[in-house]
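Just below is one structure, and these are the notes that go with it.
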Amino acid sequence: MENNRSSWGSNLGFLLAAIGSAVGLGNIWGFPYKMGKCGGFVFLIVYLLLAIFVGMIIMVSELAVGRKTKLSPIDAYKEVSKKFSWIGWLATIAPFFIMSFYTVLGGYCLQYIALNMTKLSFGNEAVAMTGGEIFGAMLTTPLGCVVFTILFIVICMVIVQGGVSGGIEKFNKIGMPALFVMLLIIIVRSLTLPNAVEGLKFMFVPGYAVKAGFIEAQPSLVSVLGTAGGQMFFSLSLAMGAILTYGSYLSKEENLVRNSVIIVASDTLIALMAGIAVIPAAVANGIAQGTPVGQIKLGGPNLLFVTLQDVFTNMGALGPLFGVIFYVLVLIAAISSAISLMETIAAHWIDKDLAKGETDTRQRNVLIVSLLILIEAVVVAADGLGSNFSPASLLGISAPPVFLDCFLDFMDCWSEGIAMPLGAMLMALMIGWEQSPDLVLDEVAHGDPSEGFKSFYKICVKFVVPIVMAFVLAGQMIDFFGSNQAIWYVVAVVLLVVFWVIAAMGKKKEA
Ligand code: PFF
């Protein structure tokens with residue numbers, strides 16, 4: 001079966017694809033405003049520490065398990081552990097749920113490209129509405145959202161049907177450099193706007209977000225840890241099967257540690273660059289429009305689809321051109337991530353067919369996966385972020401917790417909120433305590449890791465990752481289910497202890 005399995009054309013191709021998976025809406029949208037709201041540099045430092053001590057460890061582990069087993073997540077985890085084989089299911093269901101809304105957001109980008117092209121062709125007055133009015137009108141037009149979501153799914157489907165090196169690698173080899181150049185253009189435009197420096201202060205000066213009135217108080221360190229941890233995992237595409245699946249197509253010669261460092265560093269760099277492109281422009285425009293600094297909207301879907309659209313509209317005749325460049329950039333980022341999610345799900349069935357001796361089933365399997373994604377995505381597209389209907393309204397609940405606000409939050413809750421931190425925690429316990437860190441280190445050895453890295457890896461996978469993941473899990477549950485914080489810390493710690501004991505008791509006997 002191995003002979004017929006797909007593989008990357010080159011290590012550079014793999015790197016660009018993995019960076020493409022990591023660089024997505026999370027970087028361009030989530031990172032900048034979460035950084036500002038969590039106290040600028042404080043968030044950045046916590047984020048970087050988490051990326052080094054937790055993100056790197058999970059990245060190396062996923063790549064190693066993928067390359068060692070040469071299987072997609074469900075079968076890969078089955079091969080590694082009896083007790084924890086179900087992590088593979090978490091790592092396949094989570095991408096499926098994420099696709100339900102990622103494709104809808106991709107559809108929004110398509111609509112905003114079309115909008116700015118219209119303005120470019122017929123003048124800004126062609127669509128004489130504010131960003132808020134445009135966004136509101138789009139959300140309450142379910143048909144348009146559904147059609148553009150389908151278009152986005154079809155684009156991803158065609159790329160993934162093209163194969164690992166013929167489709168995914170090719171797209172990223174062109175898309176990633178293009179994204180980088182477009183980001184530089186937007187950064188230059190953003191930083192040359194008057195008062196752009198206020199936006200840089202929001203991101204980089206500790207305490208400025210509170211002083212300027214963007215937030216009431218500096219969040220506690222524990223809550224920064226939860227936010228930064230959740231953001232880091234989502235941004236690096238960790239614990240959702242994608243990195244494991246991409247690793248399973250990687251040749252034995254490649255150095256997993258060096259590759260992981262490159263992916264983590266590139267993703268963080270692009271997130272920072274995106275912040276510098278987006279936040280100063282939003283703040284500068286708000287000030288120019290006479291909005292008091294602390295009241296400029298920098299969070300949530302509004303940042304990308306309301307605030308920034310206003311920025312481009314107010315830039316005058318060239319504004320729509322920057323609008324097109326920006327939303328194409330976001331679209332490339334969304335596609336390069338969505339195809340990794342689609343591949344992760346489809347790879348399971350492609351592998352199954354290969355095991356039965358059936359080759360060339362990629363086209364069919366990717367088509368079926370795309371249709372399944374389409375069904376769930378239509379619901380998310382139609383609810384318009386809760387403008388038209390929501391889980392809460394269907395259940396007749398007024399004042400609902402966040403996860404019932406709209407179908408996007410509902411799907412996000414199970415994937416990013418629960419499956420991701422739980423999956424990462426379980427993976428670390430499985431490798432560190434039930435199996436042995438050597439499971440990963442022996443595979444990494446093909447790239448010859450230093451003794452220093454081995455000790456670092458062992459300590460992190462056994463202790464640091466499981467404990468940090470319990471915090472991240474609690475943080476995510478507080479965000480989605482709200483109210484009593486103490487309960488969620490207790491739940492997270494109980495889960496940690498229970499699974500730790502299960503892992504340690506099931507320890508493989510040393511030969
Ligand atoms: N990393 C992507 C982002 O930052 O938007 C999202 C993502 C892609 C998450 C792939 C998980 C995944 F497996």
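Letters for chains follow the order of the structure tokens (A, B, ...), residue numbers begin at 1 for each chain, and ligand numbers begin at 1 in the order shown.
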Open item on the list: Give me the residues near Gly207 (chain A) as a ChimeraX atom specification, where near means some atom within 6 Å (using only C-alpha atoms) and where sequence neighbours in that chain fewer than 2 positions away do not count.
Closed with: /A:39,209-210
Task: Polymer residues at most 9 Å from region 241-253 of chain A, only C-alpha atoms, same-chain spacing of 6 or more positions, as a ChimeraX atom specification - done: /A:5-8,10-11,14,17-18,21-22,59,61-74,76,88,90-92,94-95,164,340-345,347,443,446-447
Open item on the list: I'd like to know which of A:Gly323, A:Pro400, A:Gly230, A:Pro280 is closest to ligand 1, using only C-alpha atoms and all ligand atoms.
Closed with: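 Answer, going by the shortest atom-to-atom distance: A:Gly230.
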Hey, which bits of chain A sit within 9 Å of ligand 1, and for each residue what's the closest pair of atoms and how far apart in Å (one decimal), counting only C-alpha atoms and all ligand atoms, rows by chain and increasing number, as a tab-separated table?
residue	atom	partner	partner_atom_place_in_ligand_line	distance
A:Ile19	CA	ligand 1	1 (N)	8.6
A:Gly20	CA	ligand 1	1 (N)	8.0
A:Ser21	CA	ligand 1	8 (C)	5.1
A:Ala22	CA	ligand 1	1 (N)	3.7
A:Val23	CA	ligand 1	4 (O)	5.0
A:Gly24	CA	ligand 1	5 (O)	3.4
A:Leu25	CA	ligand 1	5 (O)	3.8
A:Gly26	CA	ligand 1	4 (O)	3.4
A:Asn27	CA	ligand 1	4 (O)	5.1
A:Ile28	CA	ligand 1	4 (O)	7.8
A:Trp29	CA	ligand 1	5 (O)	8.3
A:Gly30	CA	ligand 1	4 (O)	8.0
A:Phe31	CA	ligand 1	4 (O)	8.6
A:Ala91	CA	ligand 1	13 (F)	8.4
A:Ala94	CA	ligand 1	13 (F)	8.0
A:Pro95	CA	ligand 1	13 (F)	5.9
A:Ile98	CA	ligand 1	9 (C)	7.4
A:Tyr102	CA	ligand 1	6 (C)	8.1
A:Gln231	CA	ligand 1	4 (O)	8.0
A:Met232	CA	ligand 1	4 (O)	8.4
A:Phe233	CA	ligand 1	9 (C)	7.6
A:Phe234	CA	ligand 1	9 (C)	4.7
A:Ser235	CA	ligand 1	4 (O)	3.4
A:Leu236	CA	ligand 1	1 (N)	5.0
A:Ser237	CA	ligand 1	11 (C)	3.6
A:Leu238	CA	ligand 1	13 (F)	6.0
A:Ala239	CA	ligand 1	13 (F)	7.1
A:Met240	CA	ligand 1	13 (F)	4.5
A:Gly241	CA	ligand 1	13 (F)	5.9
A:Ala242	CA	ligand 1	13 (F)	4.4
A:Ile243	CA	ligand 1	13 (F)	6.8
A:Asp267	CA	ligand 1	4 (O)	8.4
A:Ala271	CA	ligand 1	4 (O)	8.7
A:Ala333	CA	ligand 1	5 (O)	7.5
A:Ala334	CA	ligand 1	5 (O)	6.7
A:Ser336	CA	ligand 1	8 (C)	8.2
A:Ser337	CA	ligand 1	8 (C)	4.5
A:Ala338	CA	ligand 1	8 (C)	6.2
A:Ile339	CA	ligand 1	10 (C)	8.2
A:Ser340	CA	ligand 1	10 (C)	5.8
A:Leu341	CA	ligand 1	10 (C)	5.3
A:Met342	CA	ligand 1	10 (C)	9.0
A:Thr344	CA	ligand 1	13 (F)	7.9
A:Glu416	CA	ligand 1	9 (C)	8.1
A:Met420	CA	ligand 1	11 (C)	8.7
Just to be explicit: take each residue in the selection above, keep C-alpha atoms, and write the result as a short mmCIF file (atom, residue, chain, number, x, y, z; two decimals), in the first residue's frame.
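File written: part-v2.cif
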data_model
loop_
_atom_site.label_atom_id
_atom_site.label_comp_id
_atom_site.auth_asym_id
_atom_site.auth_seq_id
_atom_site.Cartn_x
_atom_site.Cartn_y
_atom_site.Cartn_z
CA ILE A 19 2.71 26.77 6.53
CA GLY A 20 -0.35 27.18 4.29
CA SER A 21 -2.38 25.00 6.65
CA ALA A 22 -1.20 27.02 9.61
CA VAL A 23 -1.58 30.47 8.05
CA GLY A 24 -5.30 31.10 7.85
CA LEU A 25 -8.15 33.15 9.19
CA GLY A 26 -6.77 32.51 12.66
CA ASN A 27 -3.66 34.56 11.87
CA ILE A 28 -5.25 37.42 9.99
CA TRP A 29 -8.30 37.77 12.12
CA GLY A 30 -7.95 36.10 15.51
CA PHE A 31 -4.33 36.85 16.41
CA ALA A 91 -8.70 14.45 15.03
CA ALA A 94 -12.79 18.24 14.54
CA PRO A 95 -11.67 19.15 10.98
CA ILE A 98 -14.32 23.32 11.47
CA TYR A 102 -14.42 27.87 7.64
CA GLN A 231 -5.22 30.71 19.53
CA MET A 232 -1.81 29.04 19.21
CA PHE A 233 -3.32 25.57 18.64
CA PHE A 234 -5.84 26.75 16.11
CA SER A 235 -3.28 28.88 14.32
CA LEU A 236 -0.70 26.10 14.10
CA SER A 237 -3.39 23.60 12.94
CA LEU A 238 -2.48 21.34 15.85
CA ALA A 239 -4.42 18.41 17.32
CA MET A 240 -6.82 18.33 14.40
CA GLY A 241 -5.14 15.68 12.30
CA ALA A 242 -3.95 18.03 9.56
CA ILE A 243 -0.27 18.14 10.53
CA ASP A 267 3.15 31.08 11.25
CA ALA A 271 0.36 36.47 12.44
CA ALA A 333 -5.06 31.96 3.52
CA ALA A 334 -8.52 30.43 3.96
CA SER A 336 -4.66 26.87 2.03
CA SER A 337 -6.04 25.96 5.48
CA ALA A 338 -9.34 24.50 4.28
CA ILE A 339 -7.63 22.12 1.85
CA SER A 340 -5.57 20.69 4.71
CA LEU A 341 -8.77 20.03 6.65
CA MET A 342 -10.45 18.46 3.63
CA THR A 344 -7.35 15.08 6.56
CA GLU A 416 -11.74 24.20 18.66
CA MET A 420 -8.60 20.22 20.05
#
List the neighbours of Asp405 (chain A) out to 7 Å using only C-alpha atoms; skip same-chain residues closer than 2 positions along the sequence, and give me the result as a compact mmCIF listing (two decimals) with N, CA, C and O atoms, in the first residue's frame.
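Result file follows (result.txt):
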# COMPACT_ATOMS: atom_id res chain seq x y z
N GLY A 386 -26.25 33.94 13.24
CA GLY A 386 -27.36 34.11 14.18
C GLY A 386 -28.33 35.21 13.79
O GLY A 386 -29.30 35.46 14.50
N SER A 390 -30.79 30.67 15.10
CA SER A 390 -29.62 30.20 15.86
C SER A 390 -30.03 28.97 16.65
O SER A 390 -31.24 28.72 16.81
N PRO A 391 -29.06 28.19 17.15
CA PRO A 391 -29.45 27.06 17.99
C PRO A 391 -30.33 27.52 19.15
O PRO A 391 -31.32 26.88 19.49
N ALA A 392 -29.98 28.68 19.74
CA ALA A 392 -30.76 29.19 20.88
C ALA A 392 -32.19 29.50 20.46
O ALA A 392 -33.15 29.14 21.16
N PRO A 400 -28.72 32.98 25.83
CA PRO A 400 -28.00 31.70 25.78
C PRO A 400 -26.51 31.85 26.05
O PRO A 400 -25.96 32.94 25.90
N PRO A 401 -25.83 30.74 26.45
CA PRO A 401 -24.37 30.78 26.52
C PRO A 401 -23.80 30.89 25.09
O PRO A 401 -24.52 30.59 24.12
N VAL A 402 -22.53 31.32 24.99
CA VAL A 402 -21.95 31.62 23.67
C VAL A 402 -22.14 30.49 22.65
O VAL A 402 -22.41 30.74 21.48
N PHE A 403 -22.02 29.24 23.10
CA PHE A 403 -22.01 28.16 22.11
C PHE A 403 -23.38 27.97 21.43
O PHE A 403 -23.47 27.28 20.41
N ASP A 409 -20.62 29.31 16.21
CA ASP A 409 -20.10 29.11 17.57
C ASP A 409 -20.36 27.68 18.05
O ASP A 409 -19.55 27.09 18.75
Closest pair table for region 219-278 of chain A residues within 10 Å of region 458-470 of chain A, only C-alpha atoms, as a Markdown table:
| residue | atom | partner | partner_atom | distance |
| --- | --- | --- | --- | --- |
| A:Leu225 | CA | A:Val468 | CA | 8.4 |
| A:Gly226 | CA | A:Val468 | CA | 8.8 |
| A:Gly229 | CA | A:Met469 | CA | 7.9 |
| A:Gly230 | CA | A:Met469 | CA | 9.2 |
Open item on the list: Quick one: residues within 9 Å of Ile153 (chain A), only C-alpha atoms, excluding same-chain residues fewer than 2 positions away - as a list in words?
Closed with: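 Near Ile153 (chain A), the qualifying residues are Thr103, Val104, Gly106, Gly107, Phe148, Thr149, Ile150, Leu151, Ile155, Cys156, Met157, Val158, Ala338, Ser370, Leu371, Ile373 and Leu374 of chain A.
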- [ ] Mind the document's chain letters and residue numbers, and return as a ChimeraX atom specification the residues of region 313-498 of chain A that DSSP labels helix (DSSP H, G or I).
- [x] /A:313,319-355,362-383,391-395,402-404,407-434,438-447,451-481,485-498
TODO: Go through A:Ala445, A:Gly163, A:Gln309, A:Pro142 and flag the residue nearest Thr361 (chain A), using only C-alpha atoms for the distances.
DONE: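 Checking each of A:Ala445, A:Gly163, A:Gln309, A:Pro142 against Thr361 (chain A), counting only C-alpha atoms, the winner is A:Gly163.
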Determine, for each residue of region 273-293 of chain A having at least one atom at most 8 Å from an atom of region 197-204 of chain A, the closest pair of atoms and their separation in Å to one decimal, counting only C-alpha atoms; order by chain and ascending number, as a Markdown table.
| residue | atom | partner | partner_atom | distance |
| --- | --- | --- | --- | --- |
| A:Gly275 | CA | A:Met203 | CA | 7.7 |
| A:Ile276 | CA | A:Leu200 | CA | 6.9 |
| A:Ile279 | CA | A:Gly199 | CA | 5.3 |
| A:Pro280 | CA | A:Gly199 | CA | 3.8 |
| A:Ala281 | CA | A:Gly199 | CA | 7.3 |
| A:Ala282 | CA | A:Gly199 | CA | 7.5 |
| A:Val283 | CA | A:Gly199 | CA | 5.4 |
| A:Ala284 | CA | A:Gly199 | CA | 7.1 |
With N, CA and C atoms retained, write the just-selected residues as a compact mmCIF listing (two decimals), in the first residue's frame.
# COMPACT_ATOMS: atom_id res chain seq x y z
N GLY A 275 -1.22 41.39 12.01
CA GLY A 275 -1.61 42.37 13.02
C GLY A 275 -1.18 43.77 12.62
N ILE A 276 0.06 43.87 12.14
CA ILE A 276 0.60 45.19 11.76
C ILE A 276 -0.12 45.72 10.51
N ILE A 279 -4.51 46.14 12.30
CA ILE A 279 -4.89 46.96 13.46
C ILE A 279 -4.59 48.45 13.24
N PRO A 280 -3.37 48.82 12.82
CA PRO A 280 -3.13 50.26 12.63
C PRO A 280 -4.10 50.88 11.62
N ALA A 281 -4.43 50.12 10.55
CA ALA A 281 -5.37 50.66 9.55
C ALA A 281 -6.73 50.89 10.18
N ALA A 282 -7.20 49.92 10.98
CA ALA A 282 -8.51 50.04 11.60
C ALA A 282 -8.55 51.22 12.58
N VAL A 283 -7.49 51.35 13.38
CA VAL A 283 -7.46 52.43 14.38
C VAL A 283 -7.34 53.79 13.68
N ALA A 284 -6.44 53.88 12.68
CA ALA A 284 -6.26 55.15 11.96
C ALA A 284 -7.57 55.60 11.32
